[in-house]
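Quick look at start02.txt (compact mmCIF, C-alpha atoms and all ligand atoms):
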# COMPACT_ATOMS: atom_id res chain seq x y z
CA MET A 9 -12.15 -19.00 31.83
CA ALA A 10 -13.79 -17.50 28.79
CA VAL A 11 -12.93 -13.89 28.10
CA SER A 12 -15.69 -11.98 26.38
CA SER A 13 -14.88 -10.61 22.97
CA ILE A 14 -14.43 -6.92 22.30
CA LYS A 15 -14.81 -5.00 19.05
CA TYR A 16 -11.47 -4.04 17.61
CA GLY A 17 -12.27 -0.30 17.49
CA GLU A 18 -13.37 -0.31 21.10
CA ALA A 19 -10.24 -2.16 22.09
CA VAL A 20 -8.12 0.39 20.29
CA GLN A 21 -9.90 3.24 22.06
CA LYS A 22 -9.41 1.68 25.44
CA ILE A 23 -5.82 0.94 24.64
CA SER A 24 -5.21 4.52 23.54
CA SER A 25 -6.57 5.96 26.74
CA ALA A 26 -4.57 3.46 28.74
CA LEU A 27 -1.47 4.48 26.87
CA LEU A 28 -2.12 8.16 27.28
CA ALA A 29 -2.33 7.63 31.00
CA LYS A 30 1.09 6.00 30.98
CA ASN A 31 4.47 7.36 30.27
CA PHE A 32 6.52 4.69 28.58
CA LYS A 33 10.04 5.95 28.71
CA GLY A 34 12.08 5.38 25.59
CA VAL A 35 9.14 4.37 23.45
CA GLU A 36 7.63 6.80 21.02
CA LEU A 37 3.88 6.86 21.31
CA ALA A 38 3.38 6.48 17.56
CA GLU A 39 5.58 3.38 17.48
CA LEU A 40 3.81 2.05 20.51
CA ASP A 41 0.49 2.39 18.69
CA ALA A 42 2.01 0.46 15.81
CA ALA A 43 3.34 -2.25 18.09
CA VAL A 44 0.04 -2.61 19.85
CA SER A 45 -2.06 -2.74 16.72
CA HIS A 46 0.32 -5.20 15.08
CA TRP A 47 0.09 -7.33 18.16
CA LEU A 48 -3.68 -7.23 18.16
CA MET A 49 -3.81 -8.04 14.48
CA ASN A 50 -1.10 -10.66 14.38
CA GLY A 51 -1.04 -12.20 17.80
CA ARG A 52 -2.09 -15.45 16.29
CA SER A 53 0.79 -15.48 13.84
CA LYS A 54 3.14 -16.08 16.76
CA VAL A 55 5.07 -12.95 15.96
CA PRO A 56 6.51 -11.49 19.11
CA PHE A 57 6.41 -7.85 18.14
CA LEU A 58 6.89 -6.70 21.61
CA ASN A 59 10.17 -5.65 23.02
CA GLN A 60 10.50 -5.22 26.74
CA HIS A 61 8.84 -1.79 26.78
CA GLN A 62 6.10 -2.85 24.47
CA GLN A 63 5.43 -5.97 26.49
CA LYS A 64 4.92 -3.75 29.49
CA ALA A 65 2.52 -1.65 27.45
CA ALA A 66 0.71 -4.75 26.34
CA ASN A 67 0.14 -5.79 29.92
CA GLU A 68 -1.40 -2.41 30.58
CA ILE A 69 -3.57 -2.94 27.58
CA ILE A 70 -4.81 -6.23 28.85
CA TYR A 71 -5.83 -4.45 32.04
CA ALA A 72 -7.49 -1.73 30.02
CA ILE A 73 -9.50 -4.10 27.90
CA PHE A 74 -10.47 -6.80 30.27
CA GLY A 75 -10.47 -5.10 33.60
CA GLU A 76 -8.45 -5.90 36.65
CA GLY A 77 -10.66 -8.66 37.90
CA LYS A 78 -9.66 -10.96 35.10
CA ILE A 79 -6.05 -10.03 34.64
CA SER A 80 -4.53 -13.15 36.11
CA ASP A 81 -6.57 -15.35 33.79
CA VAL A 82 -5.80 -13.22 30.79
CA LEU A 83 -2.11 -13.06 31.44
CA ARG A 84 -1.96 -16.80 31.41
CA GLU A 85 -3.24 -16.74 27.87
CA THR A 86 -0.84 -16.34 25.02
CA ALA A 87 -1.12 -13.50 22.56
CA GLU A 88 -2.18 -16.13 20.09
CA GLN A 89 -5.24 -17.09 22.05
CA LEU A 90 -6.04 -13.57 23.04
CA SER A 91 -6.24 -12.28 19.51
CA PHE A 92 -9.16 -14.58 18.83
CA LYS A 93 -11.10 -12.66 21.37
CA ILE A 94 -10.84 -9.45 19.45
CA ASP A 95 -13.88 -9.02 17.24
CA PHE A 96 -12.69 -7.54 13.96
CA SER A 97 -16.13 -7.07 12.41
CA ASP A 98 -15.84 -3.27 12.62
CA ILE A 99 -12.87 -3.22 10.23
CA PRO A 100 -13.62 -3.10 6.48
CA PHE A 101 -10.71 -5.42 5.64
CA PRO A 102 -10.05 -7.55 8.72
CA PRO A 103 -7.22 -10.07 8.90
CA VAL A 104 -7.98 -13.29 7.03
CA LYS A 105 -8.98 -16.29 9.10
CA ASP A 106 -6.70 -19.11 8.01
CA PRO A 107 -3.91 -17.36 6.16
CA LYS A 108 -2.11 -19.24 3.40
CA PHE A 109 1.01 -17.12 3.60
CA THR A 110 2.48 -14.10 5.37
CA PHE A 111 3.74 -10.86 3.91
CA ILE A 112 5.09 -7.47 4.92
CA ASP A 113 3.93 -4.16 3.48
CA LEU A 114 6.70 -1.57 3.14
CA PHE A 115 5.97 2.01 2.02
CA ALA A 116 2.43 0.95 2.70
CA GLY A 117 0.62 4.17 1.74
CA VAL A 118 -3.09 3.41 2.02
CA GLY A 119 -2.62 -0.31 1.50
CA GLY A 120 -3.32 -0.78 -2.21
CA ILE A 121 -0.69 -3.51 -2.43
CA ARG A 122 -1.80 -5.05 0.85
CA LEU A 123 -5.38 -5.24 -0.36
CA GLY A 124 -4.52 -7.49 -3.33
CA PHE A 125 -2.40 -9.89 -1.30
CA GLN A 126 -4.76 -9.96 1.66
CA GLN A 127 -7.71 -10.70 -0.63
CA LEU A 128 -5.80 -13.78 -1.80
CA GLY A 129 -5.45 -15.15 1.71
CA GLY A 130 -2.30 -13.45 2.98
CA GLU A 131 -1.65 -12.22 6.47
CA CYS A 132 0.25 -8.98 6.85
CA VAL A 133 2.71 -9.32 9.73
CA PHE A 134 4.42 -5.94 9.45
CA SER A 135 3.72 -2.61 7.79
CA SER A 136 5.63 0.67 7.61
CA GLU A 137 4.56 4.10 6.37
CA TRP A 138 5.60 7.47 7.68
CA ASP A 139 2.88 9.78 6.40
CA GLU A 140 0.43 10.38 9.25
CA ALA A 141 -2.61 10.95 7.02
CA ALA A 142 -1.94 7.78 5.01
CA LYS A 143 -1.52 5.85 8.27
CA LYS A 144 -4.94 7.06 9.37
CA THR A 145 -6.63 5.84 6.20
CA TYR A 146 -4.69 2.60 6.35
CA SER A 147 -5.55 1.82 9.97
CA LEU A 148 -9.20 2.71 9.45
CA ASN A 149 -9.43 0.07 6.74
CA PHE A 150 -7.06 -2.63 7.92
CA GLY A 151 -7.07 -2.03 11.66
CA GLU A 152 -3.30 -2.01 11.76
CA TYR A 153 -1.36 1.15 12.46
CA PRO A 154 1.87 0.97 10.42
CA TYR A 155 5.28 1.53 11.95
CA GLY A 156 7.00 4.74 10.84
CA ASP A 157 10.25 5.61 9.05
CA ILE A 158 11.67 2.37 7.65
CA THR A 159 15.21 3.75 7.68
CA LYS A 160 15.04 3.69 11.47
CA ILE A 161 13.79 0.14 11.79
CA GLY A 162 16.42 -2.54 12.15
CA GLU A 163 15.95 -5.43 9.74
CA LYS A 164 16.34 -7.96 12.54
CA LEU A 165 13.24 -6.59 14.26
CA ILE A 166 11.06 -7.37 11.29
CA PRO A 167 9.18 -10.65 11.60
CA ASP A 168 9.73 -13.57 9.24
CA HIS A 169 7.47 -13.56 6.21
CA ASP A 170 6.91 -15.38 2.94
CA ILE A 171 6.58 -12.38 0.63
CA LEU A 172 8.03 -8.89 0.89
CA LEU A 173 6.01 -6.12 -0.76
CA ALA A 174 7.25 -2.62 -1.42
CA GLY A 175 6.04 0.22 -3.62
CA PHE A 176 9.21 2.09 -2.77
CA PRO A 177 9.47 5.76 -3.75
CA CYS A 178 11.74 6.36 -6.71
CA GLN A 179 14.21 8.94 -5.58
CA ALA A 180 15.45 11.38 -8.10
CA PHE A 181 19.11 10.58 -7.87
CA SER A 182 21.18 7.87 -9.41
CA ILE A 183 22.31 4.96 -7.33
CA ALA A 184 24.53 3.55 -10.03
CA GLY A 185 27.65 5.10 -8.59
CA TYR A 186 27.07 3.48 -5.25
CA ARG A 187 27.83 -0.10 -5.95
CA LYS A 188 29.46 -0.35 -2.58
CA GLY A 189 26.03 0.61 -1.36
CA PHE A 190 25.94 0.47 2.35
CA ASP A 191 29.38 1.92 2.94
CA ASP A 192 28.38 4.91 1.01
CA GLU A 193 26.46 7.67 2.72
CA LYS A 194 24.45 8.61 -0.37
CA GLY A 195 23.83 5.03 -1.40
CA ARG A 196 22.54 4.26 2.02
CA GLY A 197 20.13 7.16 1.75
CA ASN A 198 18.29 5.53 -1.11
CA LEU A 199 15.23 3.70 0.06
CA PHE A 200 15.90 0.80 -2.27
CA PHE A 201 18.72 -0.16 0.06
CA ASP A 202 16.27 -0.38 2.93
CA VAL A 203 14.25 -2.85 0.91
CA TYR A 204 17.45 -4.69 0.04
CA ARG A 205 18.80 -4.95 3.59
CA ILE A 206 15.48 -6.42 4.73
CA ILE A 207 15.44 -8.94 1.87
CA LYS A 208 19.00 -9.92 2.67
CA GLU A 209 18.33 -10.42 6.35
CA LYS A 210 14.87 -11.99 6.20
CA ARG A 211 15.25 -14.01 2.99
CA PRO A 212 11.55 -14.05 2.09
CA ARG A 213 10.54 -16.72 -0.42
CA ALA A 214 9.49 -14.02 -2.85
CA PHE A 215 9.15 -10.28 -3.23
CA MET A 216 7.21 -7.85 -5.37
CA LEU A 217 8.45 -4.30 -5.81
CA GLU A 218 6.50 -1.64 -7.66
CA ASN A 219 7.71 1.63 -9.07
CA VAL A 220 7.23 4.20 -11.80
CA LYS A 221 7.90 3.05 -15.35
CA ASN A 222 10.81 5.48 -15.65
CA LEU A 223 12.83 3.54 -13.13
CA GLU A 224 13.84 1.30 -16.02
CA GLY A 225 15.29 4.10 -18.09
CA HIS A 226 16.63 6.24 -15.26
CA ASP A 227 20.31 7.20 -15.63
CA LYS A 228 20.44 5.38 -18.99
CA GLY A 229 19.29 2.16 -17.36
CA ASN A 230 22.05 2.10 -14.75
CA THR A 231 19.80 2.54 -11.75
CA PHE A 232 17.65 -0.38 -12.76
CA LYS A 233 20.70 -2.50 -13.57
CA VAL A 234 22.16 -1.92 -10.12
CA ILE A 235 18.88 -2.70 -8.43
CA THR A 236 18.53 -5.96 -10.38
CA GLU A 237 22.13 -6.93 -9.69
CA TYR A 238 21.75 -6.38 -5.99
CA LEU A 239 18.66 -8.52 -5.88
CA GLN A 240 20.22 -11.26 -7.97
CA ASN A 241 23.38 -11.27 -5.90
CA ALA A 242 21.22 -11.71 -2.84
CA GLY A 243 20.20 -15.05 -4.37
CA TYR A 244 16.95 -14.26 -6.13
CA SER A 245 15.72 -14.86 -9.63
CA VAL A 246 14.34 -11.55 -10.79
CA VAL A 247 11.92 -10.61 -13.53
CA SER A 248 10.28 -7.31 -14.28
CA LYS A 249 7.61 -5.93 -16.53
CA VAL A 250 5.77 -2.69 -17.13
CA LEU A 251 2.03 -3.21 -16.77
CA ASN A 252 -0.64 -0.71 -17.70
CA THR A 253 -3.77 -0.56 -15.55
CA LYS A 254 -6.02 -0.25 -18.57
CA ASP A 255 -4.64 -3.48 -20.04
CA TYR A 256 -4.25 -5.60 -16.92
CA GLY A 257 -6.62 -4.18 -14.35
CA GLY A 258 -9.85 -3.76 -16.30
CA ILE A 259 -9.99 -0.14 -15.18
CA PRO A 260 -9.98 2.89 -17.47
CA GLN A 261 -6.77 4.47 -16.22
CA ASN A 262 -3.62 4.84 -18.27
CA ARG A 263 -1.07 3.98 -15.62
CA GLU A 264 2.19 2.28 -16.47
CA ARG A 265 4.10 0.87 -13.54
CA ILE A 266 7.04 -1.45 -13.34
CA PHE A 267 6.64 -4.61 -11.29
CA ILE A 268 9.79 -6.38 -10.14
CA VAL A 269 9.22 -9.90 -8.92
CA GLY A 270 11.84 -12.10 -7.32
CA PHE A 271 11.87 -15.66 -6.06
CA ARG A 272 14.26 -17.44 -3.78
CA ASP A 273 14.76 -20.97 -5.01
CA GLU A 274 11.14 -21.44 -6.02
CA VAL A 275 11.57 -20.87 -9.71
CA ASN A 276 14.21 -22.20 -11.99
CA TRP A 277 16.55 -19.31 -12.73
CA GLU A 278 17.28 -20.15 -16.32
CA LYS A 279 13.70 -20.71 -17.21
CA VAL A 280 12.71 -17.35 -15.86
CA GLN A 281 15.39 -15.61 -17.82
CA ASN A 282 14.87 -17.46 -21.05
CA PRO A 283 11.63 -16.19 -22.56
CA THR A 284 11.29 -19.18 -24.87
CA SER A 285 11.02 -21.71 -22.08
CA THR A 286 7.99 -22.23 -19.93
CA SER A 287 8.71 -20.79 -16.56
CA ARG A 288 6.56 -21.46 -13.57
CA PHE A 289 6.09 -17.75 -13.15
CA GLU A 290 4.12 -16.04 -15.85
CA TRP A 291 2.99 -12.49 -16.00
CA PRO A 292 -0.78 -12.05 -15.96
CA LYS A 293 -2.53 -12.02 -19.31
CA LYS A 294 -4.00 -8.84 -20.75
CA LYS A 295 -7.73 -8.34 -20.32
CA THR A 296 -10.08 -6.45 -22.54
CA LEU A 297 -11.05 -3.12 -21.06
CA ARG A 298 -14.82 -2.98 -20.87
CA LYS A 299 -15.31 0.10 -18.73
CA THR A 300 -14.95 3.77 -19.47
CA ILE A 301 -14.78 6.71 -17.11
CA LYS A 302 -18.59 7.03 -17.34
CA ASP A 303 -18.97 3.71 -15.51
CA LEU A 304 -17.01 4.94 -12.53
CA LEU A 305 -18.68 8.26 -11.85
CA GLU A 306 -20.63 9.02 -8.72
CA VAL A 307 -24.12 10.48 -8.91
CA ASP A 308 -25.32 13.53 -6.96
CA VAL A 309 -21.92 15.07 -6.59
CA ASN A 310 -21.54 18.05 -4.30
CA ASP A 311 -21.50 21.51 -5.96
CA TYR A 312 -17.99 22.03 -4.66
CA TYR A 313 -16.57 19.78 -7.39
CA TYR A 314 -18.16 21.68 -10.28
CA TYR A 315 -16.04 24.04 -12.26
CA ASN A 316 -18.46 26.89 -12.97
CA ARG A 317 -16.72 29.24 -10.57
CA TYR A 318 -13.36 29.14 -12.32
CA ASP A 319 -12.08 31.50 -15.01
CA CYS A 320 -11.33 28.57 -17.31
CA TYR A 321 -14.97 27.43 -17.23
CA LYS A 322 -15.98 29.13 -20.46
CA GLN A 323 -13.11 27.63 -22.40
CA LEU A 324 -13.71 24.22 -20.87
CA LYS A 325 -17.39 24.35 -21.80
CA GLU A 326 -16.56 25.00 -25.41
CA VAL A 327 -14.35 21.94 -25.63
CA ALA A 328 -16.01 19.56 -23.22
CA THR A 329 -18.85 17.93 -25.07
CA SER A 330 -18.32 14.21 -24.53
CA ARG A 331 -19.22 12.24 -21.42
CA ASP A 332 -16.61 9.72 -22.42
CA THR A 333 -13.60 11.99 -22.37
CA VAL A 334 -11.41 13.01 -19.46
CA TYR A 335 -10.27 16.62 -19.54
CA GLN A 336 -7.39 18.47 -17.97
CA TRP A 337 -7.02 22.21 -17.72
CA ARG A 338 -3.46 23.12 -18.71
CA ARG A 339 -3.05 26.81 -17.91
CA VAL A 340 -4.28 28.04 -21.28
CA TYR A 341 -5.74 25.06 -23.06
CA VAL A 342 -7.83 21.95 -22.50
CA ARG A 343 -6.19 18.58 -22.88
CA GLU A 344 -8.54 15.82 -23.95
CA ASN A 345 -8.14 12.12 -23.17
CA LYS A 346 -10.63 10.52 -25.45
CA ASN A 347 -11.95 6.92 -25.31
CA GLY A 348 -12.94 7.30 -21.69
CA VAL A 349 -9.53 6.42 -20.28
CA CYS A 350 -8.26 8.61 -17.46
CA PRO A 351 -4.63 9.80 -17.53
CA THR A 352 -2.34 8.62 -14.72
CA LEU A 353 -3.54 9.79 -11.35
CA THR A 354 -0.64 11.39 -9.53
CA ALA A 355 0.17 12.44 -5.98
CA ASN A 356 0.24 16.07 -7.05
CA MET A 357 -3.56 15.96 -7.32
CA GLY A 358 -3.31 16.70 -3.61
CA THR A 359 -1.59 20.01 -4.11
CA GLY A 360 -4.75 21.63 -5.42
CA GLY A 361 -4.96 23.81 -8.50
CA HIS A 362 -6.13 22.06 -11.63
CA ASN A 363 -4.28 18.80 -11.10
CA VAL A 364 -7.35 16.62 -10.65
CA PRO A 365 -8.71 15.34 -14.00
CA LEU A 366 -12.10 16.70 -15.12
CA VAL A 367 -15.20 15.01 -16.48
CA LEU A 368 -18.49 16.10 -17.94
CA ASP A 369 -21.37 14.48 -16.09
CA SER A 370 -25.11 14.82 -16.62
CA LYS A 371 -25.01 18.23 -14.91
CA ASP A 372 -21.81 19.98 -15.90
CA ILE A 373 -18.03 19.86 -15.99
CA ARG A 374 -16.38 19.00 -12.69
CA LYS A 375 -13.31 17.42 -11.20
CA LEU A 376 -13.19 13.79 -10.15
CA THR A 377 -14.10 13.17 -6.53
CA PRO A 378 -11.70 11.33 -4.19
CA ARG A 379 -14.02 8.30 -4.30
CA GLU A 380 -13.82 8.26 -8.09
CA CYS A 381 -10.03 8.43 -7.91
CA PHE A 382 -10.00 5.45 -5.55
CA ARG A 383 -12.35 3.63 -7.93
CA LEU A 384 -9.88 4.36 -10.73
CA GLN A 385 -7.31 2.51 -8.65
CA GLY A 386 -9.70 -0.38 -8.17
CA PHE A 387 -10.44 0.13 -4.48
CA PRO A 388 -13.75 -1.51 -3.51
CA GLU A 389 -16.67 0.64 -2.34
CA LYS A 390 -16.32 -0.56 1.21
CA TYR A 391 -12.89 1.05 1.42
CA GLU A 392 -13.46 3.90 3.88
CA PHE A 393 -12.11 7.43 4.20
CA PRO A 394 -11.48 8.96 7.63
CA LYS A 395 -14.36 11.32 8.40
CA LYS A 396 -12.53 14.58 8.75
CA MET A 397 -9.75 13.96 6.30
CA ALA A 398 -9.12 16.81 3.86
CA ASN A 399 -9.63 16.03 0.17
CA SER A 400 -6.04 17.09 -0.51
CA HIS A 401 -4.81 14.09 1.51
CA LEU A 402 -7.24 11.70 -0.17
CA TYR A 403 -6.28 12.84 -3.66
CA LYS A 404 -2.60 12.47 -2.82
CA GLN A 405 -3.19 9.03 -1.35
CA ALA A 406 -5.09 7.84 -4.41
CA GLY A 407 -2.39 9.17 -6.76
CA ASN A 408 0.40 7.60 -4.70
CA SER A 409 -1.30 4.25 -4.51
CA VAL A 410 -1.47 1.35 -6.94
CA SER A 411 -4.15 -0.16 -9.12
CA THR A 412 -5.24 -2.95 -6.84
CA PRO A 413 -6.57 -5.29 -9.58
CA VAL A 414 -3.17 -5.19 -11.30
CA VAL A 415 -1.46 -6.05 -8.02
CA LYS A 416 -3.94 -8.85 -7.48
CA ALA A 417 -3.30 -10.24 -10.96
CA VAL A 418 0.46 -10.27 -10.34
CA ALA A 419 -0.08 -11.68 -6.84
CA GLU A 420 -2.09 -14.59 -8.25
CA GLN A 421 0.80 -15.49 -10.52
CA ILE A 422 3.34 -15.20 -7.71
CA LEU A 423 1.29 -17.48 -5.48
CA LYS A 424 0.87 -19.96 -8.31
CA ALA A 425 4.63 -20.06 -8.82
CA MET A 426 5.06 -20.67 -5.10
CA ASP A 427 2.44 -23.42 -5.08
CA LEU A 428 0.35 -21.45 -2.62
C1 LIG B 501 4.59 5.32 -3.96
S1 LIG B 501 3.91 5.40 -2.37
C2 LIG B 501 3.36 3.75 -2.14
C3 LIG B 501 1.88 3.68 -1.89
C4 LIG B 501 1.29 2.31 -1.62
N1 LIG B 501 1.75 1.31 -2.53
C5 LIG B 501 -0.24 2.39 -1.66
O1 LIG B 501 -0.88 1.50 -2.16
O2 LIG B 501 -0.80 3.37 -1.18
C6 LIG B 501 5.34 5.49 -1.36
C7 LIG B 501 5.03 5.66 0.11
O3 LIG B 501 6.24 5.57 0.86
C8 LIG B 501 6.13 6.41 1.98
N2 LIG B 501 7.50 6.65 2.49
C9 LIG B 501 8.47 7.41 1.92
N3 LIG B 501 9.59 7.36 2.66
C10 LIG B 501 9.33 6.55 3.72
C11 LIG B 501 10.12 6.10 4.83
N4 LIG B 501 11.38 6.49 5.00
N5 LIG B 501 9.54 5.27 5.72
C12 LIG B 501 8.24 4.86 5.56
N6 LIG B 501 7.46 5.26 4.53
C13 LIG B 501 8.00 6.09 3.62
C14 LIG B 501 5.42 7.64 1.44
O4 LIG B 501 4.81 8.37 2.47
C15 LIG B 501 4.43 7.00 0.47
O5 LIG B 501 3.18 6.80 1.07
Can you present the structure in this file as structure tokens?
Amino acid sequence: MAVSSIKYGEAVQKISSALLAKNFKGVELAELDAAVSHWLMNGRSKVPFLNQHQQKAANEIIYAIFGEGKISDVLRETAEQLSFKIDFSDIPFPPVKDPKFTFIDLFAGVGGIRLGFQQLGGECVFSSEWDEAAKKTYSLNFGEYPYGDITKIGEKLIPDHDILLAGFPCQAFSIAGYRKGFDDEKGRGNLFFDVYRIIKEKRPRAFMLENVKNLEGHDKGNTFKVITEYLQNAGYSVVSKVLNTKDYGGIPQNRERIFIVGFRDEVNWEKVQNPTSTSRFEWPKKKTLRKTIKDLLEVDVNDYYYYNRYDCYKQLKEVATSRDTVYQWRRVYVRENKNGVCPTLTANMGTGGHNVPLVLDSKDIRKLTPRECFRLQGFPEKYEFPKKMANSHLYKQAGNSVSTPVVKAVAEQILKAMDL
């Protein structure tokens, strides 16, 4: 019997009210949301996300969506078949139809890394992010509500996948002293080890980790050395490179990030390590930057963003004369970033003050809008912001994210090396 399709958003709403009416003992509501949305998104990937409690919830959901009259028919269907009946057209970035590969998205933020890999035909089978505001933006765009704190998620519960992705936060303490790693309380506290334990258990064919450039030099290089050793000892060939958005992403942002790429078996170890030989994995080639900040600015920007109400306005006006310069107010002086390239967007843009870079548009000097910050990270225009979300969250999310064209360029090379 044919089951009529239902728009994803509507399904989620019905599911939510069904869940609210139920009290699932031992299951946190947030994690239940994640389980349900993963199931709706990935049912067809044959990933049984549901434990006993979640299965029970899922049955309730089926009731909620399709009504009691049809339940016996629906229950006979597998999750795989059922997912085809969800109409994803209300999601800006719905799951791809015939995925070429699967991946997981750890420290997912607002999905900048996911975007690149999904655009190349990948299916995300698991995501984790603990910041509630970021989860909201993420689920609005991808439909999937990420699971929470990764340190509390057992590696065995994570579904199999081809590629593991993680823009893990760089914690400010050294891990070099913790070679024993997991036996050590402090070592265990470092989120790299969460990435590592998942790699070790799930043995993805490849991984891509992203971090700040300074990871390489942290603790005189020891931190990076330990990370690389762990990954190599887990049986991966590992390469890394610092890529700047302005050189590899075609976007006028000066953002240097380290990309660590590893392959299990797919690439000849020696070739990867020996720069003179032709390895199957190659870093993307540099592209000429053709855009400047001017090309990314919105028109008709709300008065709120203009700087004429601040004490520093007069001083800014004296300096700010070029539409192709990005300015920053630094307590007593104006820093200028000429050539139309924006300095690195950072998460502290969300803390207010004068942390958001400034531009001179056809009207006056003002700070960048959240949309412009997302553009500077390469997010497409159809990427949506939750309606009532405060700018502080959006700025933080943009600063915390990645430059999606750079990720996509690396992703293309990874897929090539994997013959995908
Ligand atoms: C550098 S950001 C990565 C952003 C992501 N690549 C993007 O495109 O938006 C690191 C993210 O890890 C999240 N995070 C930190 N600790 C976490 C934990 N224990 N479990 C899950 N997420 C965590 C933070 O909230 C933050 O969004």
If you measure from atom CA of Val269 of chain A to atom CA of Gly117 of chain A, what distance in Å do you get, rounded to one decimal?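 Going from atom CA of Val269 of chain A over to atom CA of Gly117 of chain A covers 19.6 Å.
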Please measure the separation of atom CA of Asp157 of chain A and atom N6 of ligand LIG 501 (chain B), giving the value in Å to one decimal. 5.3 Å
Distance of atom CA of Ile373 of chain A from atom CA of Tyr314 of chain A, expressed in Å to one decimal place: 6.0 Å
Counting all atoms listed in the file, what is within 6 Å of segment 133-148 of chain A, bar same-chain residues fewer than 5 positions away, as a CSV table (one decimal) with C-alpha atoms, keeping the file's coordinate frame?
chain,number,residue,atom,x,y,z
A,112,ILE,CA,5.1,-7.5,4.9
A,113,ASP,CA,3.9,-4.2,3.5
A,114,LEU,CA,6.7,-1.6,3.1
A,115,PHE,CA,6.0,2.0,2.0
A,116,ALA,CA,2.4,1.0,2.7
A,117,GLY,CA,0.6,4.2,1.7
A,118,VAL,CA,-3.1,3.4,2.0
A,153,TYR,CA,-1.4,1.2,12.5
A,154,PRO,CA,1.9,1.0,10.4
A,155,TYR,CA,5.3,1.5,12.0
A,156,GLY,CA,7.0,4.7,10.8
A,157,ASP,CA,10.2,5.6,9.0
A,394,PRO,CA,-11.5,9.0,7.6
Of the residues A:Met216, A:Val367, A:Val44, A:Cys350, which is the one nearest to Glu420 of chain A, using only C-alpha atoms?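 Looking only at the distances to Glu420 of chain A, the closest residue turns out to be A:Met216.
Using all atoms listed in the file for every distance, the candidate list A:Arg383, A:Arg122, A:Lys210, A:Lys15 yields A:Arg122 as the residue closest to ligand LIG 501 (chain B).
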When distances are computed from all atoms listed in the file, which of A:Pro177, A:Arg317, A:Lys208, A:Gly130 shows the smallest separation from Lys164 of chain A?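 Smallest distance to Lys164 of chain A is found for A:Lys208.
Residue nearest ligand LIG 501 (chain B), chosen from A:Gln421, A:Gln405, A:Asn316, A:Asn399 and counting all atoms listed in the file: A:Gln405.
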One residue among A:Pro103, A:Gly119, A:Pro292, A:Gly257 is nearest to ligand LIG 501 (chain B) when using only C-alpha atoms and all ligand atoms, and that residue is A:Gly119
Which is closer to ligand LIG 501 (chain B) than all the others in A:Gly175, A:Pro351, A:Gly407, A:Gly361, using all atoms listed in the file?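 Using all atoms listed in the file, ligand LIG 501 (chain B) sits closest to A:Gly175.
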Near Lys295 of chain A, counting all atoms listed in the file, which residues have an atom at most 8 Å away, once you skip same-chain residues fewer than 3 positions from it, shown as a ChimeraX atom specification? /A:255-258
